[in-house]
Amino acid sequence: GHVAGMSSIRVQEAIKLISKEVPLHCRDGYTLLGQLYSPVGAERGGVIISAATGVLARYYSRYATFLASHGHTVLTYDYRGIGTSRPPQLDAMKTRWRDWGEHDFDAAVSWMRTRAPHGPLVAVGHSIGGFLPGFATSVSRVDRFLSVGAQYAYWPDYAKASRWRLVSKWHVVMPALTSIYGYFPGHRLGWLEDLPAGVAYEWASRRARMEDNYPPHERKQVLERFASVRAPILAVSMDDDEFATPSAVLRGLRYYTNSPRSRVQLAPAQLGHTSVGHFGLFHDRHRDTFWRDTLDWIDKAHIPWSIT
């Protein structure tokens, strides 16, 4: 890609040149702010990038720019309560994790399909962003999924060496502070962006079966929606990801009962590094390795790595 090797300032200039803000209108009346990256040259298809919990959409701007430089129209967006989609009073928000899939991802798919009804559409999801699509009614309009470190934070699945540190942080401190502030003040702690209370509590109280977090009368519909997905899913995770361990990734994949599912686990050494972790794959040091390899799946539905 011609963006490779650019200085940080020049990359920011390139991002500004090819991207623009777009409003995404959700079924329930909420409006999100998205960022649309226009392709360089002839368009090959559309890509939606869904973020990890408490991570700004702009974290994925370099990867989005990379995909645009290879002919893709790319949409990133902040979930309700996060970044550019945050309301003035976060403590007044009644938002669940599930709403990010049921309403926000849904709005992103509808927007992209209004723009290009028949072209290929691929959904890339990081962490919770790789699990949430199953909540959306429009999910059947996506042709392929690439999930990166996708899981829904059931604490016994955390890596053993980090488990109690992560439990104390996300399942003890986070809900305690949320009950004091009315939202989770993650930003001032330097942990992640602030979170709506419902999202923080859902993360902190996640059970082995995801649907058990919801009222009994809603569970059947949730399961049916995930089962309605027929498009293939490629789930990629790293050996050194303390959140997306093999058991965590498989736990999420099991809900997509009717999708062809492939799982790939990479070692940092395969990408020329000693550590990558949960967030590292979207850093542009992986532009010529992981990013380039994802084009095989996005463009041709070809899996460029050995299946785990």
# chains A, B, ... in the order shown; residues from 1 in each chain; ligands from 1
>>> select_by_dssp(residues="stretch 79-295 of chain A", states="strand (DSSP E or B)", output="list in words")
Leu121, Val122, Ala123, Val124, Gly125, His126, Arg144, Phe145, Leu146, Ser147, Val148, Tyr183, Phe184, Leu195, Pro196, Ile233, Leu234, Ala235, Val236, Ser237, Met238, Arg261, Ser262, Arg263, Val264, Gln265 and Leu266 of chain A
>>> residues_around(residues="A:Thr308", least_positions_apart="3", cutoff="9 Å", atoms="only C-alpha atoms", output="JSON, numbers by chain")
{"A": [262, 263, 264, 265, 266, 305]}
>>> residues_around(residues="A:Val124", least_positions_apart="6", cutoff="9 Å", atoms="only C-alpha atoms", output="mmCIF file with N, CA, C and O atoms, in the first residue's frame")
data_model
loop_
_atom_site.group_PDB
_atom_site.id
_atom_site.type_symbol
_atom_site.label_atom_id
_atom_site.label_comp_id
_atom_site.auth_asym_id
_atom_site.auth_seq_id
_atom_site.Cartn_x
_atom_site.Cartn_y
_atom_site.Cartn_z
ATOM 1 N N VAL A 47 -16.356 -2.478 3.960
ATOM 2 C CA VAL A 47 -15.908 -3.073 5.224
ATOM 3 C C VAL A 47 -16.429 -2.214 6.368
ATOM 4 O O VAL A 47 -16.328 -0.991 6.329
ATOM 5 N N ILE A 48 -17.000 -2.864 7.380
ATOM 6 C CA ILE A 48 -17.384 -2.191 8.624
ATOM 7 C C ILE A 48 -16.424 -2.658 9.707
ATOM 8 O O ILE A 48 -16.191 -3.862 9.858
ATOM 9 N N ILE A 49 -15.850 -1.713 10.461
ATOM 10 C CA ILE A 49 -14.972 -2.069 11.581
ATOM 11 C C ILE A 49 -15.678 -1.725 12.884
ATOM 12 O O ILE A 49 -16.041 -0.568 13.112
ATOM 13 N N SER A 50 -15.898 -2.740 13.731
ATOM 14 C CA SER A 50 -16.551 -2.547 15.027
ATOM 15 C C SER A 50 -15.512 -2.675 16.139
ATOM 16 O O SER A 50 -14.750 -3.642 16.191
ATOM 17 N N ALA A 51 -15.519 -1.702 17.039
ATOM 18 C CA ALA A 51 -14.463 -1.539 18.034
ATOM 19 C C ALA A 51 -14.593 -2.484 19.227
ATOM 20 O O ALA A 51 -15.637 -3.089 19.474
ATOM 21 N N GLY A 130 -16.406 -8.279 17.646
ATOM 22 C CA GLY A 130 -16.444 -9.493 16.845
ATOM 23 C C GLY A 130 -17.550 -10.444 17.262
ATOM 24 O O GLY A 130 -17.854 -11.395 16.552
ATOM 25 N N ARG A 144 -19.275 -11.717 4.958
ATOM 26 C CA ARG A 144 -18.174 -12.415 5.631
ATOM 27 C C ARG A 144 -17.827 -11.676 6.910
ATOM 28 O O ARG A 144 -17.990 -10.451 6.986
ATOM 29 N N PHE A 145 -17.311 -12.411 7.876
ATOM 30 C CA PHE A 145 -16.897 -11.812 9.144
ATOM 31 C C PHE A 145 -15.436 -12.150 9.431
ATOM 32 O O PHE A 145 -15.014 -13.288 9.239
ATOM 33 N N LEU A 146 -14.704 -11.145 9.909
ATOM 34 C CA LEU A 146 -13.352 -11.351 10.428
ATOM 35 C C LEU A 146 -13.371 -10.845 11.869
ATOM 36 O O LEU A 146 -13.579 -9.656 12.106
ATOM 37 N N SER A 147 -13.231 -11.752 12.822
ATOM 38 C CA SER A 147 -13.184 -11.317 14.220
ATOM 39 C C SER A 147 -11.752 -11.422 14.723
ATOM 40 O O SER A 147 -11.018 -12.349 14.374
ATOM 41 N N VAL A 148 -11.368 -10.429 15.523
ATOM 42 C CA VAL A 148 -10.002 -10.349 16.045
ATOM 43 C C VAL A 148 -10.084 -10.296 17.572
ATOM 44 O O VAL A 148 -10.598 -9.333 18.142
ATOM 45 N N ILE A 298 -10.715 -10.754 3.269
ATOM 46 C CA ILE A 298 -11.659 -9.687 2.925
ATOM 47 C C ILE A 298 -11.963 -9.684 1.427
ATOM 48 O O ILE A 298 -13.119 -9.548 1.016
#
>>> residues_around(residues="stretch 28-36 of chain A", least_positions_apart="3", cutoff="12 Å", atoms="only C-alpha atoms", output="ChimeraX atom specification")
/A:15-25,39,46-51,56-61,64-65,67-68,72-87,93-95,99-100,102-109,111-112,115
>>> closest_residue(among="A:Asp284, A:Glu202, A:Asp157, A:Asp293", to="A:Thr245", atoms="only C-alpha atoms")
A:Asp157
>>> closest_residue(among="A:Leu271, A:Val276, A:Val139, A:Val229", to="A:Phe290", atoms="only C-alpha atoms")
A:Leu271
